[in-house]
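Trainee: Please read through the structure below; I'll follow up with questions.
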Amino acid sequence: MFDNLSEKLEKAFKKFRNKGKLTESDVKEGMREVKLALLEADVNFKVVREFVKTVTERAVGSEVLESLLPAQQIIKIVHEELIKLMGETNNKLQISSKPPTVIMMVGLQGSGKTTHSAKLAGMYKKQGKRPLLVACDVYRPAAIDQLKVVGSQIDVPVFEMGLGNPVEIAKAGFEHAKRHGHDMVFIDTAGRLHVDEVLMNELSSIKENLEPTEILLVVDAMTGQDAVNVASAFNEQLDITGVLLSKLDGDTRGGAALSIRHVTGKPIKFIGVGEKLDAIEPFYPDRMASRILGMGDVLTLIEKAQQAFDDKKAAELEKKLRENTFTLSDYLEQFRQIKNMGNLDQLAGMIPGVKPGQLKDAKIDERAMARTEAIILSMTIQEREHPNLLNGSRRKRIAAGSGTTVEEVNKLIKQYDMMNNMIKQFSSGKMNTKKALKRMKMPF
């Protein structure tokens, strides 16, 4: 996400880095590059014009022109203004003081509304809520079935009345939630290929009858400037409370994320970052600005690790490391927990110092991880606990069972042995962290 924009901004900042002290013309020349980068990212023209004007006015001040490190000062200003542009703070979903909280999900057809209704319901279920999904899209073929499928995958019930009146279904769903103790209701409304009067009248009627706590607009980030126009139209008709940007993991230019807040005045509350039902994140303007400028996003990385790694298993692993009893079963468990953190290319982009475009030619091979998992699963429990049993004939059997080669099996055993040796040296205090990281080679 934002790779192209990040790369172009990085090139623009090089113009500042190559100079000692900056003149006013140096700043204006560099900001022209920033302006082009934002326009190519499909950021709204008026937003670009105001953004560049504000940054330029701050950058030509004496604080920057006389600074010993003018490039860093300008990047700092751009970072601060990007945060302001996207809303400054994270806006959480409002929870009603009188349950159930009603969240009305709206958007055009194809924006990912049904899937993201389930993603949000799943997210809040993990936080201890009792959500209910209500199927009010009675026009799109199989929309109700789709909601039931994704609902079952996250173990959240779906209320539906078939192809009836959407307003009556929404009202009945709300009453059902009250009777059965659901404290959150996510209403999956109908969409259209474009904004029309019939759709807006129906949505307005649902809003009037239910008085939802939140009206979240789901917008496809890949549609760029069109996403901003859609957000403006829905906001004028429904007075939305926030935006959920879907498909931000795709080949998006970033214009929607940088424009919607400024144009509509309504915050981006969540972003969809993948196809899986847990691939959703709260939107933090400061973290997103850091990602765009290649500064990483350590806080989100830590949060993902905390969600993926089991505290009890971590304590057990720590004990095994201290006692030098780390087995191939433990090796497999660590792999699985890393995979649970999500797309590894995205995670790598959250690491500070990883510059835009740096990972394009160094893609993480998730298929290699799958092969590693298949190899270990093809072993018996005894072989995993005692890898010294793995003679030639056993390795042939494992290769055949996992659909890999003996060479790949040998490579995995070698990597495991190296890791085990490092663990032993750590425990004995013979190796420092820097040396260990230099030697470590993971099979992906």
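So you can find residues: chains in the structure tokens are A, B, ... in the order shown, residues in each start at 1, and ligands are numbered from 1 in order.
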As an NGL selection string, please: every residue in region 42-163 of chain A that DSSP puts in strand (DSSP E).
Mentor: :A and (101-106 or 131-135 or 158-159)
Trainee: Which residues, written as a ChimeraX atom specification, have at least one atom at most 10 Å from Val134 (chain A), with only C-alpha atoms counted and residues fewer than 5 positions away on the same chain left out?
Mentor: /A:104,117,144,147-148,157-161,166,169-174,176-177,185-189
Trainee: What lies within 9 Å of Val230 (chain A) using only C-alpha atoms, ignoring chain neighbours under 6 positions off, as number ranges by chain?
Mentor: A: 107-108, 194-195, 219
Trainee: What does the distance between CA of Lys276 (chain A) and CA of Leu132 (chain A) come to in Å, to one decimal place?
Mentor: 19.5 Å
Trainee: Give me the residues within 8 Å of Ala71 (chain A) as an MDAnalysis selection string, counting only C-alpha atoms and dropping any in the same chain fewer than 4 places off.
Mentor: chainID A and resid 13 16:17 75
Trainee: Those selected residues, please, written with C-alpha atoms and delivered as a PDB file, in the first residue's frame.
Mentor:
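As a result, again.pdb now contains:
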ATOM      1  CA  PHE A  13      13.179  14.550  -0.451  1.00  0.00           C
ATOM      2  CA  PHE A  16      16.620  18.532  -0.095  1.00  0.00           C
ATOM      3  CA  ARG A  17      19.169  16.018   1.225  1.00  0.00           C
ATOM      4  CA  ILE A  75      10.259  15.679   6.273  1.00  0.00           C
TER       5      ILE A  75
END
Trainee: Region 54-140 of chain A: which residues are helix (DSSP H, G or I) by DSSP, as an MDAnalysis selection string?
Mentor: chainID A and resid 54:59 62:65 70:86 113:126
Trainee: What's around region 261-263 of chain A at 8 Å? Count only C-alpha atoms, leave out sequence neighbours fewer than 4 positions away in its own chain, and write the answer as an mmCIF file with N, CA and C atoms, in the first residue's frame.
Mentor:
data_model
loop_
_atom_site.group_PDB
_atom_site.id
_atom_site.type_symbol
_atom_site.label_atom_id
_atom_site.label_comp_id
_atom_site.auth_asym_id
_atom_site.auth_seq_id
_atom_site.Cartn_x
_atom_site.Cartn_y
_atom_site.Cartn_z
ATOM 1 N N VAL A 47 -7.133 19.486 -2.262
ATOM 2 C CA VAL A 47 -6.404 19.010 -1.081
ATOM 3 C C VAL A 47 -4.904 19.166 -1.299
ATOM 4 N N LEU A 85 -3.950 16.136 7.754
ATOM 5 C CA LEU A 85 -4.788 15.883 6.577
ATOM 6 C C LEU A 85 -5.694 14.679 6.786
ATOM 7 N N MET A 86 -5.173 13.650 7.469
ATOM 8 C CA MET A 86 -5.932 12.408 7.631
ATOM 9 C C MET A 86 -6.727 12.349 8.938
ATOM 10 N N GLY A 87 -6.643 13.427 9.756
ATOM 11 C CA GLY A 87 -7.530 13.459 10.917
ATOM 12 C C GLY A 87 -6.888 13.509 12.283
ATOM 13 N N VAL A 228 -13.705 9.429 -3.205
ATOM 14 C CA VAL A 228 -13.980 10.701 -2.534
ATOM 15 C C VAL A 228 -15.332 11.246 -2.973
ATOM 16 N N SER A 232 -18.595 11.874 -0.573
ATOM 17 C CA SER A 232 -19.281 13.167 -0.510
ATOM 18 C C SER A 232 -20.780 12.997 -0.721
ATOM 19 N N ALA A 257 -7.370 7.763 0.851
ATOM 20 C CA ALA A 257 -7.005 7.883 2.271
ATOM 21 C C ALA A 257 -6.561 9.301 2.614
ATOM 22 N N PRO A 267 -14.200 11.179 9.715
ATOM 23 C CA PRO A 267 -12.955 10.419 9.900
ATOM 24 C C PRO A 267 -12.966 9.043 9.239
ATOM 25 N N ILE A 268 -11.776 8.605 8.835
ATOM 26 C CA ILE A 268 -11.598 7.200 8.454
ATOM 27 C C ILE A 268 -11.426 6.441 9.764
#
Trainee: Compile the contact shell of Leu82 (chain A) as a PyMOL selection string: residues with an atom at most 12 Å away, counting only C-alpha atoms, same-chain residues fewer than 5 positions apart removed.
Mentor: chain A and resi 38+47-48+50-52+54-55+75-77+87-89+257-259+261-262+284-293
Trainee: To one decimal in Å, tell me the separation between CA of Ile74 (chain A) and CA of Gly255 (chain A).
Mentor: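 Value for the CA of Ile74 (chain A)-CA of Gly255 (chain A) distance: 21.4 Å.
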Trainee: For the atom pair CA of Ile260 (chain A) and CA of Ala231 (chain A), what is the interatomic distance in Å to one decimal place?
Mentor: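 Distance between the two atoms: 7.1 Å.
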Trainee: Between A:Pro70, A:Gln415, A:Pro99, A:Ser6, which has the minimum distance to Glu175 (chain A) (counting only C-alpha atoms)?
Mentor: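 Answer, going by the shortest atom-to-atom distance: A:Pro99.
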Trainee: Excluding Gly30 (chain A) and residues on its chain fewer than 3 positions from it, collect all residues at most 9 Å away from it, counting only C-alpha atoms, and give them as a list in words.
Mentor: Ala12, Phe13, Lys14, Lys15, Phe16, Ser25, Asp26, Val27, Glu33, Val34 and Lys35 of chain A
Trainee: Restricted to N, CA, C and O atoms, what would the selected residues look like written as an mmCIF file, in the first residue's frame?
Mentor:
data_model
loop_
_atom_site.group_PDB
_atom_site.id
_atom_site.type_symbol
_atom_site.label_atom_id
_atom_site.label_comp_id
_atom_site.auth_asym_id
_atom_site.auth_seq_id
_atom_site.Cartn_x
_atom_site.Cartn_y
_atom_site.Cartn_z
ATOM 1 N N ALA A 12 11.590 13.066 -4.062
ATOM 2 C CA ALA A 12 11.454 14.510 -3.843
ATOM 3 C C ALA A 12 12.337 14.968 -2.682
ATOM 4 O O ALA A 12 12.991 16.015 -2.759
ATOM 5 N N PHE A 13 12.391 14.173 -1.628
ATOM 6 C CA PHE A 13 13.179 14.550 -0.451
ATOM 7 C C PHE A 13 14.685 14.495 -0.739
ATOM 8 O O PHE A 13 15.461 15.155 -0.055
ATOM 9 N N LYS A 14 15.086 13.706 -1.739
ATOM 10 C CA LYS A 14 16.510 13.634 -2.101
ATOM 11 C C LYS A 14 17.025 14.998 -2.565
ATOM 12 O O LYS A 14 18.189 15.328 -2.381
ATOM 13 N N LYS A 15 16.134 15.782 -3.171
ATOM 14 C CA LYS A 15 16.527 17.122 -3.632
ATOM 15 C C LYS A 15 16.930 17.999 -2.449
ATOM 16 O O LYS A 15 17.787 18.857 -2.558
ATOM 17 N N PHE A 16 16.274 17.762 -1.294
ATOM 18 C CA PHE A 16 16.620 18.532 -0.095
ATOM 19 C C PHE A 16 17.891 17.986 0.554
ATOM 20 O O PHE A 16 18.706 18.735 1.070
ATOM 21 N N SER A 25 13.995 29.060 -3.177
ATOM 22 C CA SER A 25 13.762 28.413 -4.481
ATOM 23 C C SER A 25 13.992 26.901 -4.398
ATOM 24 O O SER A 25 13.323 26.124 -5.078
ATOM 25 N N ASP A 26 14.942 26.468 -3.543
ATOM 26 C CA ASP A 26 15.164 25.024 -3.334
ATOM 27 C C ASP A 26 13.898 24.371 -2.774
ATOM 28 O O ASP A 26 13.488 23.296 -3.218
ATOM 29 N N VAL A 27 13.299 25.041 -1.792
ATOM 30 C CA VAL A 27 12.088 24.507 -1.167
ATOM 31 C C VAL A 27 10.968 24.400 -2.195
ATOM 32 O O VAL A 27 10.292 23.369 -2.297
ATOM 33 N N GLU A 33 7.855 18.655 -6.750
ATOM 34 C CA GLU A 33 7.939 17.191 -6.859
ATOM 35 C C GLU A 33 6.924 16.517 -5.931
ATOM 36 O O GLU A 33 6.286 15.527 -6.289
ATOM 37 N N VAL A 34 6.783 17.078 -4.717
ATOM 38 C CA VAL A 34 5.809 16.545 -3.760
ATOM 39 C C VAL A 34 4.400 16.691 -4.323
ATOM 40 O O VAL A 34 3.578 15.762 -4.246
ATOM 41 N N LYS A 35 4.133 17.844 -4.933
ATOM 42 C CA LYS A 35 2.813 18.102 -5.526
ATOM 43 C C LYS A 35 2.501 17.089 -6.620
ATOM 44 O O LYS A 35 1.400 16.510 -6.666
#
Trainee: Name the closest residue to Ala221 (chain A) among the candidates A:Val43, A:Val150, A:Ala59, A:Leu69; distances are taken between atoms, counting only C-alpha atoms.
Mentor: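 For Ala221 (chain A), the nearest of the given residues is A:Val43.
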Trainee: Of the candidates A:Met31, A:Val78, A:Met184, A:Val149, which shows the shortest atom-to-atom distance to Thr101 (chain A), using only C-alpha atoms?
Mentor: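 Nearest candidate to Thr101 (chain A) out of A:Met31, A:Val78, A:Met184, A:Val149: A:Met184.
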